[in-house]
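> Sharing protein_24.csv, CSV, C-alpha atoms:
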```
chain,number,residue,atom,x,y,z
A,824,MET,CA,103.7,-38.7,-55.3
A,825,ALA,CA,106.5,-39.2,-57.8
A,826,THR,CA,105.2,-39.8,-61.3
A,827,GLY,CA,108.1,-41.8,-62.8
A,828,THR,CA,108.0,-45.5,-63.3
A,829,ALA,CA,110.2,-47.7,-61.1
A,830,PRO,CA,113.8,-47.9,-62.5
A,831,ALA,CA,115.0,-51.3,-63.8
A,832,ASN,CA,118.0,-51.1,-61.5
A,833,ASP,CA,116.6,-50.6,-58.0
A,834,ALA,CA,119.7,-51.7,-55.9
A,835,PHE,CA,120.3,-48.1,-54.7
A,836,LEU,CA,116.7,-47.7,-53.5
A,837,ARG,CA,116.7,-51.1,-51.8
A,838,ALA,CA,119.9,-50.3,-50.0
A,839,CYS,CA,118.6,-46.9,-48.9
A,840,ARG,CA,115.6,-48.8,-47.4
A,841,GLY,CA,117.9,-51.3,-45.6
A,842,LEU,CA,116.8,-54.2,-47.8
A,843,PRO,CA,119.1,-56.9,-49.1
A,844,VAL,CA,120.8,-56.3,-52.5
A,845,LYS,CA,122.7,-58.7,-54.9
A,846,ARG,CA,125.6,-56.2,-55.1
A,847,VAL,CA,126.5,-53.1,-53.2
A,848,PRO,CA,125.2,-50.0,-55.1
A,849,VAL,CA,127.5,-47.1,-55.9
A,850,TRP,CA,127.4,-43.6,-57.1
A,851,PHE,CA,129.6,-40.6,-56.6
A,852,MET,CA,128.9,-37.1,-55.4
A,853,ARG,CA,129.9,-34.7,-58.2
A,854,GLN,CA,130.1,-37.6,-60.6
A,855,ALA,CA,128.9,-35.2,-63.3
A,856,GLY,CA,131.5,-32.5,-63.7
A,857,ARG,CA,135.0,-31.3,-64.1
A,858,SER,CA,136.8,-34.7,-64.0
A,859,LEU,CA,135.0,-35.9,-67.1
A,860,PRO,CA,136.5,-34.8,-70.5
A,861,GLU,CA,133.1,-35.2,-72.2
A,862,TYR,CA,131.7,-32.8,-69.6
A,863,ARG,CA,134.4,-30.2,-70.2
A,864,ALA,CA,133.8,-30.5,-74.0
A,865,LEU,CA,130.1,-29.9,-73.6
A,866,ARG,CA,130.3,-27.4,-70.8
A,867,GLY,CA,132.1,-24.6,-72.7
A,868,GLU,CA,132.3,-21.1,-71.3
A,869,GLY,CA,129.6,-19.2,-69.4
A,870,SER,CA,127.9,-19.4,-66.0
A,871,MET,CA,127.0,-22.8,-64.6
A,872,LEU,CA,123.6,-21.4,-63.8
A,873,GLU,CA,123.1,-20.7,-67.5
A,874,VAL,CA,124.0,-24.3,-68.3
A,875,ILE,CA,121.6,-25.6,-65.6
A,876,ALA,CA,118.8,-23.5,-67.2
A,877,ARG,CA,119.2,-25.4,-70.5
A,878,PRO,CA,117.4,-28.8,-70.0
A,879,GLU,CA,119.0,-30.5,-73.0
A,880,LEU,CA,122.5,-29.7,-71.6
A,881,ALA,CA,121.7,-30.5,-68.0
A,882,THR,CA,120.1,-33.8,-69.1
A,883,GLU,CA,123.2,-34.9,-71.0
A,884,MET,CA,125.5,-33.9,-68.2
A,885,THR,CA,123.5,-36.0,-65.7
A,886,LEU,CA,123.6,-39.0,-68.1
A,887,GLN,CA,127.4,-38.8,-68.9
A,888,PRO,CA,128.7,-40.5,-65.6
A,889,VAL,CA,125.9,-43.1,-65.7
A,890,ARG,CA,127.0,-44.2,-69.1
A,891,ARG,CA,130.7,-44.1,-68.4
A,892,TYR,CA,130.8,-45.5,-64.9
A,893,GLY,CA,127.8,-47.8,-64.7
A,894,VAL,CA,126.8,-46.3,-61.4
A,895,ASP,CA,123.5,-47.3,-59.7
A,896,ALA,CA,122.0,-43.8,-59.4
A,897,ALA,CA,122.1,-40.5,-61.2
A,898,ILE,CA,122.1,-37.2,-59.4
A,899,LEU,CA,120.5,-34.2,-61.1
A,900,TYR,CA,123.0,-31.8,-62.7
A,901,SER,CA,122.1,-28.7,-60.8
A,902,ASP,CA,123.4,-26.7,-57.8
A,903,ILE,CA,122.1,-26.0,-54.3
A,904,VAL,CA,121.9,-22.2,-55.0
A,905,VAL,CA,119.4,-22.6,-57.8
A,906,PRO,CA,116.2,-22.0,-55.7
A,907,ALA,CA,117.7,-18.9,-54.0
A,908,HIS,CA,118.9,-17.6,-57.4
A,909,ALA,CA,115.5,-18.3,-59.0
A,910,VAL,CA,113.6,-16.3,-56.4
A,911,GLY,CA,115.9,-13.3,-57.0
A,912,PHE,CA,118.1,-13.2,-54.0
A,913,GLY,CA,121.2,-12.4,-56.1
A,914,VAL,CA,123.3,-15.5,-56.0
A,915,ASP,CA,125.8,-16.4,-58.7
A,916,ILE,CA,128.4,-19.2,-59.1
A,917,VAL,CA,131.9,-17.8,-59.8
A,918,PRO,CA,134.3,-20.3,-61.4
A,919,GLY,CA,137.1,-21.2,-59.0
A,920,VAL,CA,135.3,-19.5,-56.1
A,921,GLY,CA,131.8,-21.0,-55.7
A,922,PRO,CA,128.5,-19.3,-54.8
A,923,VAL,CA,128.8,-15.6,-54.4
A,924,VAL,CA,126.1,-13.2,-53.1
A,925,GLU,CA,126.1,-9.6,-54.3
A,926,GLN,CA,124.2,-8.3,-51.3
A,927,PRO,CA,124.5,-10.7,-48.3
A,928,PHE,CA,121.8,-11.3,-45.8
A,929,ARG,CA,122.2,-8.8,-42.9
A,930,GLU,CA,118.8,-7.8,-41.4
A,931,ALA,CA,115.1,-8.7,-41.1
A,932,ARG,CA,114.1,-6.9,-44.2
A,933,ASP,CA,116.4,-9.2,-46.2
A,934,LEU,CA,113.8,-11.9,-45.5
A,935,ASN,CA,111.7,-10.2,-48.2
A,936,ARG,CA,114.3,-11.3,-50.7
A,937,LEU,CA,113.4,-14.9,-50.0
A,938,PRO,CA,109.8,-15.3,-51.2
A,939,PRO,CA,108.2,-18.7,-51.7
A,940,LEU,CA,109.5,-20.7,-54.6
A,941,ASP,CA,107.0,-21.5,-57.4
A,942,PRO,CA,108.8,-24.5,-58.9
A,943,GLU,CA,107.0,-24.5,-62.3
A,944,ALA,CA,107.3,-20.8,-62.8
A,945,ASP,CA,110.7,-20.2,-61.2
A,946,THR,CA,112.6,-23.5,-61.9
A,947,GLY,CA,110.6,-25.0,-64.7
A,948,TYR,CA,113.8,-25.8,-66.5
A,949,VAL,CA,114.9,-28.0,-63.6
A,950,LEU,CA,111.6,-30.0,-63.8
A,951,GLU,CA,112.0,-30.4,-67.6
A,952,THR,CA,115.4,-31.8,-67.0
A,953,VAL,CA,114.0,-34.2,-64.4
A,954,ARG,CA,111.3,-35.4,-66.7
A,955,ASN,CA,113.8,-35.9,-69.5
A,956,LEU,CA,116.0,-38.0,-67.3
A,957,VAL,CA,113.2,-40.2,-65.8
A,958,ALA,CA,112.1,-41.1,-69.3
A,959,GLU,CA,115.6,-42.2,-70.2
A,960,LEU,CA,117.3,-43.6,-67.1
A,961,ASP,CA,117.2,-47.2,-65.9
A,962,VAL,CA,118.6,-46.2,-62.5
A,963,PRO,CA,117.0,-44.0,-59.9
A,964,LEU,CA,117.4,-40.2,-60.1
A,965,ILE,CA,118.4,-38.4,-56.9
A,966,ALA,CA,116.8,-35.0,-56.3
A,967,PHE,CA,118.6,-32.6,-54.0
A,968,ALA,CA,118.7,-29.2,-52.3
A,969,GLY,CA,121.0,-27.3,-49.9
A,970,ALA,CA,120.1,-27.7,-46.3
A,971,PRO,CA,119.0,-24.5,-44.5
A,972,PHE,CA,122.3,-24.1,-42.5
A,973,THR,CA,124.6,-24.4,-45.5
A,974,MET,CA,122.4,-22.1,-47.6
A,975,ALA,CA,122.3,-19.6,-44.8
A,976,SER,CA,126.1,-19.7,-44.5
A,977,TYR,CA,126.4,-18.6,-48.2
A,978,LEU,CA,123.7,-16.0,-48.0
A,979,VAL,CA,125.1,-14.4,-44.8
A,980,GLU,CA,128.8,-14.7,-45.5
A,981,GLY,CA,128.4,-13.6,-49.1
A,982,GLY,CA,130.4,-16.6,-50.4
A,983,PRO,CA,132.5,-19.5,-49.1
A,984,SER,CA,134.0,-19.1,-45.7
A,985,ARG,CA,136.6,-20.8,-43.5
A,986,THR,CA,135.2,-19.6,-40.2
A,987,HIS,CA,131.5,-18.9,-40.8
A,988,ALA,CA,132.0,-16.1,-38.3
A,989,LEU,CA,129.2,-13.9,-39.6
A,990,THR,CA,126.8,-16.8,-39.7
A,991,LYS,CA,127.5,-17.8,-36.1
A,992,THR,CA,127.3,-14.2,-35.0
A,993,LEU,CA,123.8,-13.9,-36.4
A,994,MET,CA,122.8,-17.1,-34.7
A,995,TYR,CA,123.7,-15.8,-31.3
A,996,ARG,CA,123.0,-12.1,-31.8
A,997,ASP,CA,119.5,-12.5,-33.1
A,998,PRO,CA,118.2,-16.1,-32.6
A,999,HIS,CA,114.6,-15.0,-33.7
A,1000,LEU,CA,115.8,-13.6,-37.0
A,1001,TRP,CA,118.0,-16.7,-37.5
A,1002,ALA,CA,115.1,-19.0,-36.9
A,1003,GLU,CA,113.0,-17.0,-39.5
A,1004,LEU,CA,115.9,-17.3,-42.0
A,1005,MET,CA,116.2,-21.0,-41.5
A,1006,ASP,CA,112.4,-21.4,-41.9
A,1007,ARG,CA,112.5,-19.5,-45.2
A,1008,LEU,CA,115.4,-21.7,-46.5
A,1009,ALA,CA,113.6,-24.9,-45.3
A,1010,ASP,CA,110.6,-23.7,-47.3
A,1011,LEU,CA,112.8,-23.4,-50.4
A,1012,ALA,CA,114.4,-26.8,-49.9
A,1013,ILE,CA,111.0,-28.5,-49.4
A,1014,ALA,CA,109.5,-26.8,-52.5
A,1015,SER,CA,112.5,-27.6,-54.7
A,1016,ILE,CA,113.0,-31.2,-53.7
A,1017,GLY,CA,109.2,-31.8,-53.6
A,1018,SER,CA,108.8,-30.6,-57.2
A,1019,GLN,CA,111.7,-32.8,-58.3
A,1020,LEU,CA,110.1,-35.8,-56.7
A,1021,ASP,CA,106.7,-34.9,-58.3
A,1022,ALA,CA,108.5,-34.8,-61.6
A,1023,GLY,CA,109.7,-38.4,-61.2
A,1024,ALA,CA,112.9,-38.4,-59.1
A,1025,SER,CA,113.1,-41.5,-56.8
A,1026,ALA,CA,115.1,-40.3,-53.8
A,1027,PHE,CA,116.6,-37.1,-52.5
A,1028,GLN,CA,119.7,-35.8,-50.7
A,1029,LEU,CA,119.9,-32.8,-48.4
A,1030,PHE,CA,123.4,-31.3,-48.6
A,1031,ASP,CA,124.5,-29.7,-45.3
A,1032,SER,CA,128.1,-29.5,-46.5
A,1033,TRP,CA,129.2,-26.9,-43.9
A,1034,ALA,CA,127.4,-28.2,-40.8
A,1035,GLY,CA,130.7,-29.6,-39.6
A,1036,THR,CA,131.7,-26.1,-38.6
A,1037,LEU,CA,129.3,-26.4,-35.7
A,1038,ALA,CA,129.5,-28.0,-32.3
A,1039,PRO,CA,126.8,-30.6,-31.5
A,1040,ASP,CA,125.0,-28.2,-29.2
A,1041,GLN,CA,125.0,-25.5,-31.8
A,1042,TYR,CA,123.7,-27.9,-34.4
A,1043,ARG,CA,120.9,-29.2,-32.1
A,1044,ARG,CA,119.8,-25.7,-31.1
A,1045,PHE,CA,120.1,-23.7,-34.3
A,1046,VAL,CA,120.0,-26.1,-37.2
A,1047,LEU,CA,118.2,-29.4,-36.3
A,1048,PRO,CA,114.6,-28.0,-36.1
A,1049,ALA,CA,114.7,-26.7,-39.7
A,1050,SER,CA,116.3,-29.8,-41.1
A,1051,GLN,CA,113.8,-32.0,-39.3
A,1052,ARG,CA,111.0,-30.0,-40.9
A,1053,VAL,CA,112.5,-30.6,-44.4
A,1054,PHE,CA,112.6,-34.4,-43.9
A,1055,SER,CA,109.2,-34.5,-42.1
A,1056,GLU,CA,107.3,-32.5,-44.7
A,1057,LEU,CA,108.8,-34.3,-47.7
A,1058,LYS,CA,108.2,-37.8,-46.1
A,1059,ASP,CA,104.6,-36.8,-45.4
A,1060,ARG,CA,104.1,-35.4,-48.9
A,1061,HIS,CA,105.6,-38.4,-50.6
A,1062,ARG,CA,104.6,-41.2,-48.2
A,1063,ASP,CA,103.1,-43.3,-51.1
A,1064,SER,CA,106.3,-43.2,-53.2
A,1065,ARG,CA,108.5,-43.9,-50.2
A,1066,ALA,CA,111.3,-41.7,-51.6
A,1067,PRO,CA,114.2,-42.3,-49.3
A,1068,GLY,CA,116.1,-39.2,-47.9
A,1069,ILE,CA,119.8,-38.9,-47.5
A,1070,HIS,CA,121.4,-36.4,-45.1
A,1071,PHE,CA,125.0,-35.5,-45.9
A,1072,GLY,CA,127.5,-33.3,-44.2
A,1073,VAL,CA,131.3,-32.9,-44.1
A,1074,GLY,CA,133.1,-33.0,-40.8
A,1075,THR,CA,129.9,-34.0,-39.0
A,1076,GLY,CA,131.4,-37.1,-37.2
A,1077,GLU,CA,130.8,-35.4,-33.8
A,1078,PHE,CA,127.1,-35.5,-34.4
A,1079,LEU,CA,126.2,-38.2,-36.9
A,1080,GLU,CA,123.4,-39.3,-34.7
A,1081,LEU,CA,121.8,-35.8,-35.0
A,1082,LEU,CA,121.9,-36.1,-38.8
A,1083,ALA,CA,119.8,-39.3,-38.4
A,1084,GLU,CA,117.6,-37.6,-35.8
A,1085,ALA,CA,116.7,-35.0,-38.4
A,1086,GLY,CA,114.7,-37.8,-40.2
A,1087,ALA,CA,117.1,-39.2,-42.7
A,1088,ASP,CA,116.7,-42.8,-44.0
A,1089,VAL,CA,120.4,-42.7,-45.0
A,1090,VAL,CA,123.3,-40.8,-43.3
A,1091,GLY,CA,126.2,-39.8,-45.5
A,1092,VAL,CA,129.5,-40.5,-43.7
A,1093,ASP,CA,132.7,-38.7,-44.6
A,1094,TRP,CA,136.1,-40.3,-44.6
A,1095,ARG,CA,136.9,-39.2,-41.0
A,1096,VAL,CA,134.7,-41.8,-39.4
A,1097,PRO,CA,135.3,-45.5,-40.0
A,1098,LEU,CA,132.2,-47.0,-41.6
A,1099,ASP,CA,131.9,-49.8,-38.9
A,1100,ASP,CA,132.0,-47.2,-36.2
A,1101,ALA,CA,129.3,-45.1,-37.9
A,1102,ARG,CA,127.1,-48.2,-38.2
A,1103,LYS,CA,127.5,-49.0,-34.5
A,1104,ARG,CA,126.6,-45.4,-33.6
A,1105,LEU,CA,123.6,-45.1,-36.0
A,1106,GLY,CA,122.1,-48.5,-35.3
A,1107,PRO,CA,120.6,-51.0,-37.8
A,1108,GLU,CA,117.6,-48.9,-38.7
A,1109,THR,CA,119.6,-46.2,-40.4
A,1110,ALA,CA,121.4,-46.9,-43.8
A,1111,VAL,CA,124.8,-45.4,-44.5
A,1112,GLN,CA,126.4,-43.9,-47.5
A,1113,GLY,CA,130.1,-43.5,-48.1
A,1114,ASN,CA,132.9,-43.2,-47.3
A,1115,LEU,CA,136.1,-43.4,-49.3
A,1116,ASP,CA,138.4,-40.3,-49.0
A,1117,PRO,CA,138.1,-38.5,-52.4
A,1118,ALA,CA,141.9,-37.9,-52.4
A,1119,VAL,CA,142.6,-41.7,-52.2
A,1120,VAL,CA,141.4,-42.2,-55.8
A,1121,LEU,CA,144.4,-40.1,-56.9
A,1122,ALA,CA,146.8,-42.8,-55.5
A,1123,PRO,CA,148.1,-45.8,-57.5
A,1124,TRP,CA,145.4,-48.4,-58.2
A,1125,PRO,CA,146.6,-51.0,-55.6
A,1126,VAL,CA,146.2,-48.4,-52.9
A,1127,VAL,CA,142.8,-47.4,-54.2
A,1128,ALA,CA,141.7,-51.0,-54.4
A,1129,GLU,CA,142.9,-51.7,-50.8
A,1130,GLN,CA,141.0,-48.7,-49.4
A,1131,VAL,CA,137.8,-49.4,-51.3
A,1132,THR,CA,137.9,-53.0,-50.0
A,1133,ASP,CA,138.5,-51.7,-46.5
A,1134,VAL,CA,135.3,-49.6,-46.6
A,1135,LEU,CA,133.4,-52.6,-47.9
A,1136,ASP,CA,134.9,-54.9,-45.3
A,1137,ARG,CA,133.9,-52.6,-42.5
A,1138,ASN,CA,130.3,-52.8,-43.6
A,1139,ALA,CA,130.7,-56.6,-43.4
A,1140,GLY,CA,127.9,-57.4,-45.9
A,1141,ARG,CA,125.2,-55.8,-43.8
A,1142,PRO,CA,122.2,-54.4,-45.8
A,1143,GLY,CA,121.8,-50.7,-45.9
A,1144,HIS,CA,125.1,-49.5,-47.5
A,1145,VAL,CA,125.5,-47.3,-50.5
A,1146,PHE,CA,129.1,-47.0,-51.6
A,1147,ASN,CA,130.2,-43.4,-52.3
A,1148,LEU,CA,133.1,-41.1,-51.6
A,1149,GLY,CA,133.2,-39.1,-48.4
A,1150,HIS,CA,132.7,-35.9,-50.4
A,1151,GLY,CA,132.6,-35.0,-54.1
A,1152,VAL,CA,134.9,-36.2,-56.9
A,1153,LEU,CA,138.0,-34.0,-57.2
A,1154,PRO,CA,138.5,-32.3,-60.5
A,1155,GLU,CA,141.9,-34.0,-61.0
A,1156,THR,CA,140.4,-37.5,-60.6
A,1157,ASN,CA,141.1,-39.9,-63.5
A,1158,PRO,CA,137.7,-41.2,-64.7
A,1159,GLU,CA,139.2,-44.6,-65.5
A,1160,VAL,CA,140.0,-45.1,-61.8
A,1161,LEU,CA,136.4,-44.4,-60.9
A,1162,GLU,CA,135.3,-47.0,-63.5
A,1163,GLN,CA,137.6,-49.5,-61.8
A,1164,VAL,CA,136.1,-48.5,-58.4
A,1165,VAL,CA,132.6,-49.3,-59.6
A,1166,GLU,CA,133.7,-52.6,-61.0
A,1167,LEU,CA,135.4,-53.5,-57.8
A,1168,VAL,CA,132.4,-52.5,-55.6
A,1169,HIS,CA,130.0,-54.4,-57.9
A,1170,GLY,CA,132.2,-57.6,-57.8
A,1171,TYR,CA,132.7,-57.5,-54.0
A,1172,GLN,CA,131.6,-60.4,-51.9
A,1173,ALA,CA,131.7,-60.0,-48.1
A,1174,ALA,CA,133.5,-62.7,-46.2
A,1175,PRO,CA,131.1,-65.3,-44.8
```
Mind converting the file's structure to structure tokens?

Amino acid sequence: MATGTAPANDAFLRACRGLPVKRVPVWFMRQAGRSLPEYRALRGEGSMLEVIARPELATEMTLQPVRRYGVDAAILYSDIVVPAHAVGFGVDIVPGVGPVVEQPFREARDLNRLPPLDPEADTGYVLETVRNLVAELDVPLIAFAGAPFTMASYLVEGGPSRTHALTKTLMYRDPHLWAELMDRLADLAIASIGSQLDAGASAFQLFDSWAGTLAPDQYRRFVLPASQRVFSELKDRHRDSRAPGIHFGVGTGEFLELLAEAGADVVGVDWRVPLDDARKRLGPETAVQGNLDPAVVLAPWPVVAEQVTDVLDRNAGRPGHVFNLGHGVLPETNPEVLEQVVELVHGYQAAP
């Protein structure tokens, strides 16, 4: 059970649970990061993993966008590769490239390189950051981890990939080994997110950023069981705290329903699916998050305002909507525009 006290601003949590809210809550994926000048000033040189391992810096970087934008939730400043890095798999984050694996996953013996995560011993710095934040924030803190498929794609490919050819080859060539790998990565996600919730986070998001490279039947056969286990075990473990779970993927419009079937309370919708269509497909029991195209906020403000309002209009005032971008904030985004977006969302009133 989460140990933190209830945040003063609970609009985000209420929306995740499908409850009425006085104003639509909003936060942005990658809201802490390269688009903020105060982040760049504090970040300096060196590996992102080194920065994450310094709780005082990670705490401040999580707080920066909350102060600047007035968003309704904070997301922990960390990265999805932290658990795999912490257990010694050999993952680093290369600037301008992303996660890179020195020795990619190739065979059964590589499973030995993914031992169980001991959160206090292996990622105690993450938990210290969470506790710092819970003591200071008046909005909910979102825990997160990489979904098994997206993590597997990095470990198998050795880094970012356009085709995920090696990953799909392993799925079909050796389904048993694939299932074992997915189970190990589900274990890491459960342990990591669970420890963040224990430390006081109020909700969690499972990032399956690359699941959109799969066809629906591939997702159902090779991915869904592991993701279902993540949501099921976390919900069972944190039943008393009722920490809502968000399931997010990019290019997953072909199987939004499967993201919900995995057990999510909230399904992240990218900009390719109109929000009203997503709501029809998912039904009233599932909340939605999204879904402004991140590139739109680079346009002149009248265009941005029109598109933000369109997203809100498509939701039509129904409970269970968290406004967000359809993916992360782009580095070239003007923070002042995001401030205006938050103000517009908070002031929005649905037509009667």
> Set out as CSV a contact list for stretch 1009-1071 of chain A and stretch 955-964 of chain A with a cut-off of 7 Å, giving each residue of stretch 1009-1071 of chain A that qualifies its closest atom pair and distance in Å to one decimal, counting all atoms listed in the file, ordered by chain and rising residue number.

```
residue,atom,partner,partner_atom,distance
A:Gly1023,CA,A:Val957,CA,6.1
A:Ala1024,CA,A:Leu964,CA,4.9
A:Ser1025,CA,A:Pro963,CA,5.6
A:Ala1026,CA,A:Leu964,CA,6.7
```
> Excluding A:Ala1022 and residues on its chain fewer than 2 positions from it, collect all residues at most 10 Å away from it, counting all atoms listed in the file, and give them as a count of residues only.
21
> Considering only C-alpha atoms, can you say which of A:His999, A:Ser976, A:Val874, A:Arg1007 comes closest to A:Asn935?
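Of all the options, A:Arg1007 lies closest to A:Asn935.
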> Would you mind telling me which residue in A:Ala1085, A:Val1096, A:Leu1148, A:Met871 lies nearest to A:Asn1114 when using all atoms listed in the file?
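Closest residue, counting all atoms listed in the file: A:Leu1148.
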> For each of A:Pro1039, A:Pro939, A:Gly893, A:Gly1068, take the minimum atom-to-atom distance to A:Leu1081, counting only C-alpha atoms, then give the residue where this is smallest.
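Of A:Pro1039, A:Pro939, A:Gly893, A:Gly1068, the one nearest A:Leu1081, counting only C-alpha atoms, is A:Pro1039.
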